[in-house]
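In what follows, a single structure is set out as structure tokens and then discussed.
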Amino acid sequence: PNSDRDPLPRLLVVIDEFAALAKELPEFIDALVGIAQRGRSLGVHLLLATQRPNGVISENIKANTNLRIALRVQDAADSVDVIGCSDAAAIGRNQPGRGLARFGPSDVVPFQTALVTGRSMSGRSAGIGLRPFAFAHEQQGPSTPIAEVDADPTDLERIVAASRQAAASLKLPAARLPWPEALPEQVHLNDLRSGSGDHGATVFGLADEPHRQRQLPATWSPAVGNLLLYGLPGSGTTTALTTIAVGLAHDSDPDRLHVHVLDFDDQAMHPLQGLPHVGVVVGGNDRERQLRLLRRLAEELQERRQALASDVTALERYPTIVTLLDNYGGFADSFGDPGDMTIHDLFARLVADGPGVDMLTIITAKHPGDIPTRIASLVASRLVFRLADRYDYSGLGVPPVEPPVIPGRAFESGSGREVQVALPHPDGLAAALATNRWGAPVLSPWSTDVLPHDVSVADVVAAGRIASGEWFLPLGIGDTALAPAGLVLREGEHALITGPARAGKSTALTTVAAVAKAAEPQLRIVALLPRRSPLSSCALIDELVDLENLDRLSESGRAGLLLIDDAELVGESTYLSDLIKTRRSDIKVVAAGSADALRGLYGHWTQDIRRSRIGCALRPNVATDGDLWQTQLPPRGPEHFPVGRGYLLADGQAELVQLGMK
């Protein structure tokens, strides 16, 4: 920069083929007019050249260009456009360099331009020689040229050389470029960190600001809210996510930043699991962990909002949580059933309310229409990579531009800055993670384990409780919290367990007996078994009964539990029907049977049990089995139900559960 006493140099802007510029970048015309209007007083001058001026030079340009020059043109209209008369169209073809200069309304002066490509000071003359004409195959000996080629520099080359020599002798500084060099096609994160901008912001790329004659690191800070990244496959959106994740990890302590990843694209983000800041990286096919992560985020959001309502400084105790979702279109397809609308609502609440409690979300999408308006309208920060249609840019807050072909090249919404996203490391993401070392965090990010395939009764038995108003009989581990889950039976409520053969129904009844006995050792447990069942050898069963002696259940005066296996084979019993219909708090009935058989029994006593809408559907038919509890089972559950896996049902809600089997 110049000091206060150094004059600013004049700036001459030369634009050749101005008509092509006006056609390709019409929005540039207004800026050019502004330069013409204010340029002279600021030492900025324009030199415009075009072959076809007709329709290109506007009245504003004419009003702000004092000197107009017309060389030979084809049409009189072109001559009139430039100099106000048709004289330039009358210049002959044998008069190259002849032109007319317009200095004023009636001041048009003809002139002859000087030739700078010739050699006016040649040190030797070209030799002219003669020889007989002959075809190539008739020539004898080597061919000799007719005229010698003059190797002396042209006048233009002489002028340039003299100017350079004069500048060097006067020790003049090199001319300063009016804008920085073009953004490189590839930058690396480590090269940009030393130039980090705002405090608390994470560098992820290099931004170009030619109007300010500078390039500086592009940053994202959780303080500015969520971030959306739009771009076609291969445009660099996934790389941007990984770069931001690595940058956040570099700038933050693992105790103060937790990151969770939902990868619905090409699974390229799995290496991020190696960061101590990352709790979980969930792939696009792992629906079970996807649901658990989203539910856990919703619980965390609610917990923070409640804490903030009672204490304005509560957020200081919580780490920042950043959720990365790669490919929103894949997420929408995975949760596209009508029953999945609650998941979309949950995610929309996370985007809307999360920034207020230090929970941020960064989302990528392949097309602007992939992200619904109710989410996109809540996010102000956007990066737009290569899109299929150049007119999609304007809808995202970016002036229409030619789609960039360089991977990692994007435009910021609002500012319009061009950004080159940095690579995490020259040798790839794994190398970026290997070059950083973090200590073990005190507060580790929570993870989302999968529902186990094997659950022991010992894992759930201690959670059981029997009180006068409510019984809680855990059956296994529930999917929501990976904690004991089971039957909650209040006054007058009973439970039904269904499933096909070898699904685990009898084992579930055995688990109920073990849990109930552990919760209340004085409980009397009676079993009704119409055919051979594993319960017949269960030591926890106090007595095996049939329909004729069911009344023994209440003879002792103690609380009682009636377990019925193969309920579809048990006929009508007045005592059994009355027992189920009577709202007694001291006796509960848990029956198990085939869903297909029970569905076809009309007027059966099991219909009275079904009115409680409590039970468990093992290895269910999700299309029909929910009808037994007047509810709908999730249409997109696990692809495979192992033995003891099913849905726990209560109050019209279904939760995946793995029963205690041993």
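How things are named: the first chain in the structure tokens is A, the next is B, and so on; residues count from 1 in each chain; ligands count from 1 in the order shown.
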### Which of segment 262-494 of chain A fall in strand (DSSP E), as an NGL selection string
:A and (262-263 or 278-283 or 320-326 or 359-365 or 381-384 or 409-412 or 418-421 or 465-466 or 470-478 or 484-490)
### Message
List the spatial neighbours of segment 549-564 of chain A as a list in words - criterion: any atom at most 6 Å away, only C-alpha atoms, same-chain residues fewer than 6 positions off excluded.
### Response
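After dropping sequence-adjacent residues, the list is Leu523, Arg524, Ile525, Val526, Ala527, Leu528, Asp586, Ile587, Lys588, Val589, Val590 and Ala591 of chain A.
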Might you pull out every residue within 6 Å of segment 199-203 of chain A, with only C-alpha atoms counted and same-chain residues fewer than 4 positions away left off, and present them as a PDB file with N, CA, C and O atoms, in the first residue's frame?
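around.pdb was written with the following content:
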```pdb
ATOM      1  N   ALA A 218     -11.848 -19.204   4.859  1.00  0.00           N
ATOM      2  CA  ALA A 218     -13.296 -19.299   5.044  1.00  0.00           C
ATOM      3  C   ALA A 218     -13.554 -20.095   6.313  1.00  0.00           C
ATOM      4  O   ALA A 218     -12.941 -21.137   6.543  1.00  0.00           O
ATOM      5  N   THR A 219     -14.445 -19.604   7.161  1.00  0.00           N
ATOM      6  CA  THR A 219     -14.657 -20.213   8.467  1.00  0.00           C
ATOM      7  C   THR A 219     -16.139 -20.461   8.723  1.00  0.00           C
ATOM      8  O   THR A 219     -17.007 -19.854   8.085  1.00  0.00           O
ATOM      9  N   TRP A 220     -16.393 -21.380   9.641  1.00  0.00           N
ATOM     10  CA  TRP A 220     -17.743 -21.606  10.161  1.00  0.00           C
ATOM     11  C   TRP A 220     -17.659 -21.691  11.665  1.00  0.00           C
ATOM     12  O   TRP A 220     -16.757 -22.333  12.220  1.00  0.00           O
ATOM     13  N   SER A 221     -18.583 -21.032  12.321  1.00  0.00           N
ATOM     14  CA  SER A 221     -18.614 -21.025  13.779  1.00  0.00           C
ATOM     15  C   SER A 221     -19.978 -21.489  14.246  1.00  0.00           C
ATOM     16  O   SER A 221     -21.010 -21.111  13.662  1.00  0.00           O
ATOM     17  N   GLY A 247     -11.488 -29.853  11.447  1.00  0.00           N
ATOM     18  CA  GLY A 247     -11.164 -28.518  11.951  1.00  0.00           C
ATOM     19  C   GLY A 247     -11.752 -28.254  13.316  1.00  0.00           C
ATOM     20  O   GLY A 247     -11.091 -27.681  14.204  1.00  0.00           O
ATOM     21  N   LEU A 248     -13.009 -28.659  13.526  1.00  0.00           N
ATOM     22  CA  LEU A 248     -13.630 -28.494  14.844  1.00  0.00           C
ATOM     23  C   LEU A 248     -12.871 -29.275  15.903  1.00  0.00           C
ATOM     24  O   LEU A 248     -12.657 -28.793  17.023  1.00  0.00           O
TER      25      LEU A 248
END
```
### Message
Quick one: residues within 9 Å of His258 of chain A, only C-alpha atoms, excluding same-chain residues fewer than 4 positions away - as an MDAnalysis selection string?
### Response
chainID A and resid 249 254 276:279 319:323 444:446
### Task
Could you jot down the atom CA of Phe335 of chain A to atom CA of Ala298 of chain A separation for me, Å, one decimal place?
16.6 Å
### Message
Excluding Pro53 of chain A and its own-chain neighbours fewer than 6 positions away, which residues fall within 7 Å of it when counting only C-alpha atoms? Please give them as a PyMOL selection string.
### Response
chain A and resi 19+78+81
### Task
Could you pull out the residues in segment 209-390 of chain A that DSSP calls alpha helix (DSSP H) from the backbone, as number ranges by chain?
A: 237-251, 287-310, 328-334, 341-353, 373-376
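Atom CA of Ala485 of chain A lies 23.5 Å from atom CA of Asp566 of chain A.
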### Task
Fewer than 6 positions away in the same chain doesn't count, so skip those; otherwise give me all residues within 10 Å of Gln420 of chain A, counting only C-alpha atoms, as a list in words.
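Counting only the stated atoms, we get Leu183, Pro184, Glu185, Gln186, Val187, His188, Phe204, Gly205, Leu206, Ala207, Asp208, Pro217, Ala218, Gly236, Ala240, Phe385, Ile406, Pro407, Gly408, Arg409, Ala410 and Phe411 of chain A.
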For Gly428 of chain A, list every protein, DNA or RNA residue within 12 Å, evaluated using only C-alpha atoms, and leave out those in the same chain fewer than 3 positions away; present the list as a PDB file with all heavy atoms, in the first residue's frame.
```pdb
ATOM      1  N   HIS A 188      -4.963 -27.267   1.378  1.00  0.00           N
ATOM      2  CA  HIS A 188      -4.951 -28.210   2.482  1.00  0.00           C
ATOM      3  C   HIS A 188      -5.178 -27.467   3.798  1.00  0.00           C
ATOM      4  O   HIS A 188      -4.759 -26.319   3.962  1.00  0.00           O
ATOM      5  CB  HIS A 188      -3.632 -28.982   2.530  1.00  0.00           C
ATOM      6  CG  HIS A 188      -3.388 -29.798   1.298  1.00  0.00           C
ATOM      7  ND1 HIS A 188      -2.455 -29.449   0.349  1.00  0.00           N
ATOM      8  CD2 HIS A 188      -3.989 -30.927   0.839  1.00  0.00           C
ATOM      9  CE1 HIS A 188      -2.468 -30.330  -0.628  1.00  0.00           C
ATOM     10  NE2 HIS A 188      -3.397 -31.235  -0.366  1.00  0.00           N
ATOM     11  N   LEU A 189      -5.836 -28.144   4.701  1.00  0.00           N
ATOM     12  CA  LEU A 189      -6.284 -27.507   5.934  1.00  0.00           C
ATOM     13  C   LEU A 189      -5.124 -26.959   6.753  1.00  0.00           C
ATOM     14  O   LEU A 189      -5.209 -25.850   7.293  1.00  0.00           O
ATOM     15  CB  LEU A 189      -7.087 -28.518   6.761  1.00  0.00           C
ATOM     16  CG  LEU A 189      -7.879 -27.970   7.947  1.00  0.00           C
ATOM     17  CD1 LEU A 189      -8.833 -26.883   7.499  1.00  0.00           C
ATOM     18  CD2 LEU A 189      -8.639 -29.087   8.638  1.00  0.00           C
ATOM     19  N   THR A 239     -16.520 -33.930   1.379  1.00  0.00           N
ATOM     20  CA  THR A 239     -15.197 -33.459   1.800  1.00  0.00           C
ATOM     21  C   THR A 239     -15.323 -32.257   2.724  1.00  0.00           C
ATOM     22  O   THR A 239     -14.584 -32.135   3.712  1.00  0.00           O
ATOM     23  CB  THR A 239     -14.354 -33.099   0.572  1.00  0.00           C
ATOM     24  OG1 THR A 239     -14.189 -34.252  -0.248  1.00  0.00           O
ATOM     25  CG2 THR A 239     -12.987 -32.579   0.987  1.00  0.00           C
ATOM     26  N   THR A 242     -16.192 -33.507   6.228  1.00  0.00           N
ATOM     27  CA  THR A 242     -15.049 -34.087   6.937  1.00  0.00           C
ATOM     28  C   THR A 242     -14.028 -33.019   7.313  1.00  0.00           C
ATOM     29  O   THR A 242     -13.447 -33.073   8.404  1.00  0.00           O
ATOM     30  CB  THR A 242     -14.379 -35.161   6.069  1.00  0.00           C
ATOM     31  OG1 THR A 242     -14.005 -34.599   4.800  1.00  0.00           O
ATOM     32  CG2 THR A 242     -15.331 -36.317   5.815  1.00  0.00           C
ATOM     33  N   THR A 243     -13.824 -32.041   6.450  1.00  0.00           N
ATOM     34  CA  THR A 243     -12.888 -30.967   6.767  1.00  0.00           C
ATOM     35  C   THR A 243     -13.375 -30.159   7.966  1.00  0.00           C
ATOM     36  O   THR A 243     -12.596 -29.815   8.864  1.00  0.00           O
ATOM     37  CB  THR A 243     -12.698 -30.050   5.549  1.00  0.00           C
ATOM     38  OG1 THR A 243     -12.155 -30.808   4.463  1.00  0.00           O
ATOM     39  CG2 THR A 243     -11.758 -28.903   5.872  1.00  0.00           C
ATOM     40  N   VAL A 246     -12.843 -32.279  11.122  1.00  0.00           N
ATOM     41  CA  VAL A 246     -11.436 -32.298  11.536  1.00  0.00           C
ATOM     42  C   VAL A 246     -11.026 -30.940  12.099  1.00  0.00           C
ATOM     43  O   VAL A 246     -10.318 -30.848  13.112  1.00  0.00           O
ATOM     44  CB  VAL A 246     -10.540 -32.703  10.352  1.00  0.00           C
ATOM     45  CG1 VAL A 246      -9.066 -32.541  10.710  1.00  0.00           C
ATOM     46  CG2 VAL A 246     -10.821 -34.139   9.943  1.00  0.00           C
ATOM     47  N   ALA A 268     -18.155 -42.502   3.285  1.00  0.00           N
ATOM     48  CA  ALA A 268     -16.777 -42.016   3.310  1.00  0.00           C
ATOM     49  C   ALA A 268     -16.413 -41.374   4.638  1.00  0.00           C
ATOM     50  O   ALA A 268     -15.243 -41.052   4.868  1.00  0.00           O
ATOM     51  CB  ALA A 268     -16.564 -40.998   2.179  1.00  0.00           C
ATOM     52  N   MET A 269     -17.378 -41.190   5.523  1.00  0.00           N
ATOM     53  CA  MET A 269     -17.117 -40.487   6.774  1.00  0.00           C
ATOM     54  C   MET A 269     -16.851 -41.435   7.938  1.00  0.00           C
ATOM     55  O   MET A 269     -16.685 -40.995   9.068  1.00  0.00           O
ATOM     56  CB  MET A 269     -18.298 -39.573   7.106  1.00  0.00           C
ATOM     57  CG  MET A 269     -18.615 -38.579   6.011  1.00  0.00           C
ATOM     58  SD  MET A 269     -19.913 -37.430   6.439  1.00  0.00           S
ATOM     59  CE  MET A 269     -19.090 -36.463   7.694  1.00  0.00           C
ATOM     60  N   PRO A 271     -14.153 -43.063   8.850  1.00  0.00           N
ATOM     61  CA  PRO A 271     -12.917 -42.835   9.614  1.00  0.00           C
ATOM     62  C   PRO A 271     -13.049 -41.800  10.720  1.00  0.00           C
ATOM     63  O   PRO A 271     -12.228 -41.791  11.646  1.00  0.00           O
ATOM     64  CB  PRO A 271     -11.920 -42.379   8.533  1.00  0.00           C
ATOM     65  CG  PRO A 271     -12.425 -42.991   7.276  1.00  0.00           C
ATOM     66  CD  PRO A 271     -13.921 -42.945   7.390  1.00  0.00           C
ATOM     67  N   LEU A 272     -14.052 -40.921  10.661  1.00  0.00           N
ATOM     68  CA  LEU A 272     -14.210 -39.923  11.714  1.00  0.00           C
ATOM     69  C   LEU A 272     -14.462 -40.564  13.075  1.00  0.00           C
ATOM     70  O   LEU A 272     -14.311 -39.905  14.111  1.00  0.00           O
ATOM     71  CB  LEU A 272     -15.369 -38.972  11.386  1.00  0.00           C
ATOM     72  CG  LEU A 272     -15.146 -38.005  10.223  1.00  0.00           C
ATOM     73  CD1 LEU A 272     -16.405 -37.185   9.972  1.00  0.00           C
ATOM     74  CD2 LEU A 272     -13.973 -37.075  10.510  1.00  0.00           C
ATOM     75  N   ALA A 422     -10.973 -26.849   1.686  1.00  0.00           N
ATOM     76  CA  ALA A 422      -9.676 -27.475   1.911  1.00  0.00           C
ATOM     77  C   ALA A 422      -9.824 -28.977   2.093  1.00  0.00           C
ATOM     78  O   ALA A 422     -10.848 -29.467   2.581  1.00  0.00           O
ATOM     79  CB  ALA A 422      -9.002 -26.868   3.137  1.00  0.00           C
ATOM     80  N   LEU A 423      -8.796 -29.708   1.714  1.00  0.00           N
ATOM     81  CA  LEU A 423      -8.717 -31.139   2.003  1.00  0.00           C
ATOM     82  C   LEU A 423      -8.188 -31.316   3.416  1.00  0.00           C
ATOM     83  O   LEU A 423      -7.303 -30.568   3.857  1.00  0.00           O
ATOM     84  CB  LEU A 423      -7.799 -31.837   1.007  1.00  0.00           C
ATOM     85  CG  LEU A 423      -8.243 -31.802  -0.463  1.00  0.00           C
ATOM     86  CD1 LEU A 423      -7.166 -32.422  -1.353  1.00  0.00           C
ATOM     87  CD2 LEU A 423      -9.556 -32.535  -0.639  1.00  0.00           C
ATOM     88  N   PRO A 424      -8.684 -32.303   4.162  1.00  0.00           N
ATOM     89  CA  PRO A 424      -8.198 -32.473   5.539  1.00  0.00           C
ATOM     90  C   PRO A 424      -6.701 -32.715   5.624  1.00  0.00           C
ATOM     91  O   PRO A 424      -6.052 -32.277   6.573  1.00  0.00           O
ATOM     92  CB  PRO A 424      -8.991 -33.689   6.047  1.00  0.00           C
ATOM     93  CG  PRO A 424     -10.187 -33.782   5.157  1.00  0.00           C
ATOM     94  CD  PRO A 424      -9.745 -33.265   3.823  1.00  0.00           C
ATOM     95  N   HIS A 425      -6.158 -33.408   4.612  1.00  0.00           N
ATOM     96  CA  HIS A 425      -4.723 -33.729   4.618  1.00  0.00           C
ATOM     97  C   HIS A 425      -4.335 -34.133   3.194  1.00  0.00           C
ATOM     98  O   HIS A 425      -5.143 -34.707   2.465  1.00  0.00           O
ATOM     99  CB  HIS A 425      -4.441 -34.876   5.592  1.00  0.00           C
ATOM    100  CG  HIS A 425      -2.984 -35.080   5.888  1.00  0.00           C
ATOM    101  ND1 HIS A 425      -2.158 -35.830   5.071  1.00  0.00           N
ATOM    102  CD2 HIS A 425      -2.209 -34.623   6.910  1.00  0.00           C
ATOM    103  CE1 HIS A 425      -0.933 -35.830   5.579  1.00  0.00           C
ATOM    104  NE2 HIS A 425      -0.932 -35.112   6.688  1.00  0.00           N
ATOM    105  N   ALA A 431      -4.974 -39.903   7.291  1.00  0.00           N
ATOM    106  CA  ALA A 431      -3.717 -39.243   7.654  1.00  0.00           C
ATOM    107  C   ALA A 431      -3.968 -38.012   8.503  1.00  0.00           C
ATOM    108  O   ALA A 431      -3.198 -37.703   9.421  1.00  0.00           O
ATOM    109  CB  ALA A 431      -2.947 -38.871   6.386  1.00  0.00           C
ATOM    110  N   ALA A 432      -5.057 -37.287   8.232  1.00  0.00           N
ATOM    111  CA  ALA A 432      -5.383 -36.105   9.045  1.00  0.00           C
ATOM    112  C   ALA A 432      -5.678 -36.500  10.482  1.00  0.00           C
ATOM    113  O   ALA A 432      -5.300 -35.792  11.426  1.00  0.00           O
ATOM    114  CB  ALA A 432      -6.580 -35.367   8.439  1.00  0.00           C
ATOM    115  N   LEU A 433      -6.331 -37.627  10.676  1.00  0.00           N
ATOM    116  CA  LEU A 433      -6.631 -38.074  12.033  1.00  0.00           C
ATOM    117  C   LEU A 433      -5.376 -38.578  12.731  1.00  0.00           C
ATOM    118  O   LEU A 433      -5.233 -38.428  13.949  1.00  0.00           O
ATOM    119  CB  LEU A 433      -7.688 -39.176  11.993  1.00  0.00           C
ATOM    120  CG  LEU A 433      -8.998 -38.827  11.281  1.00  0.00           C
ATOM    121  CD1 LEU A 433      -9.966 -39.996  11.352  1.00  0.00           C
ATOM    122  CD2 LEU A 433      -9.625 -37.585  11.892  1.00  0.00           C
ATOM    123  N   ALA A 434      -4.460 -39.177  11.975  1.00  0.00           N
ATOM    124  CA  ALA A 434      -3.251 -39.732  12.572  1.00  0.00           C
ATOM    125  C   ALA A 434      -2.271 -38.661  13.018  1.00  0.00           C
ATOM    126  O   ALA A 434      -1.463 -38.896  13.922  1.00  0.00           O
ATOM    127  CB  ALA A 434      -2.572 -40.681  11.580  1.00  0.00           C
ATOM    128  N   THR A 435      -2.328 -37.488  12.405  1.00  0.00           N
ATOM    129  CA  THR A 435      -1.372 -36.427  12.739  1.00  0.00           C
ATOM    130  C   THR A 435      -1.793 -35.599  13.943  1.00  0.00           C
ATOM    131  O   THR A 435      -1.062 -34.731  14.374  1.00  0.00           O
ATOM    132  CB  THR A 435      -1.194 -35.482  11.535  1.00  0.00           C
ATOM    133  OG1 THR A 435      -2.481 -34.965  11.151  1.00  0.00           O
ATOM    134  CG2 THR A 435      -0.578 -36.219  10.367  1.00  0.00           C
TER     135      THR A 435
END
```
### Query
With only C-alpha atoms as the basis for distance, which of A:Ile91, A:Leu346, A:Leu257, A:Leu383 is at the shortest distance from Asp358 of chain A?
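Nearest candidate to Asp358 of chain A out of A:Ile91, A:Leu346, A:Leu257, A:Leu383: A:Leu257.
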### Task
Go through A:Gly104, A:Glu316, A:Gly339, A:Lys366 and flag the residue nearest Leu633 of chain A, using only C-alpha atoms for the distances.
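Closest candidate: A:Gly339.
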### Query
A:Asp263, A:Leu8, A:Thr342, A:Met359: which is nearest Gln302 of chain A, counting only C-alpha atoms?
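Going through A:Asp263, A:Leu8, A:Thr342, A:Met359 one by one, the smallest distance to Gln302 of chain A is for A:Met359.
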### Task
Rounded to one decimal place, report the atom CA of Glu303 of chain A-atom CA of Arg349 of chain A distance in Å.
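Here the two named atoms are 13.7 Å from each other.
Taking only C-alpha atoms into account, Ile29 of chain A lies nearest to A:Ser58 out of the set A:Gln165, A:Ser58, A:Asn621, A:Thr574.
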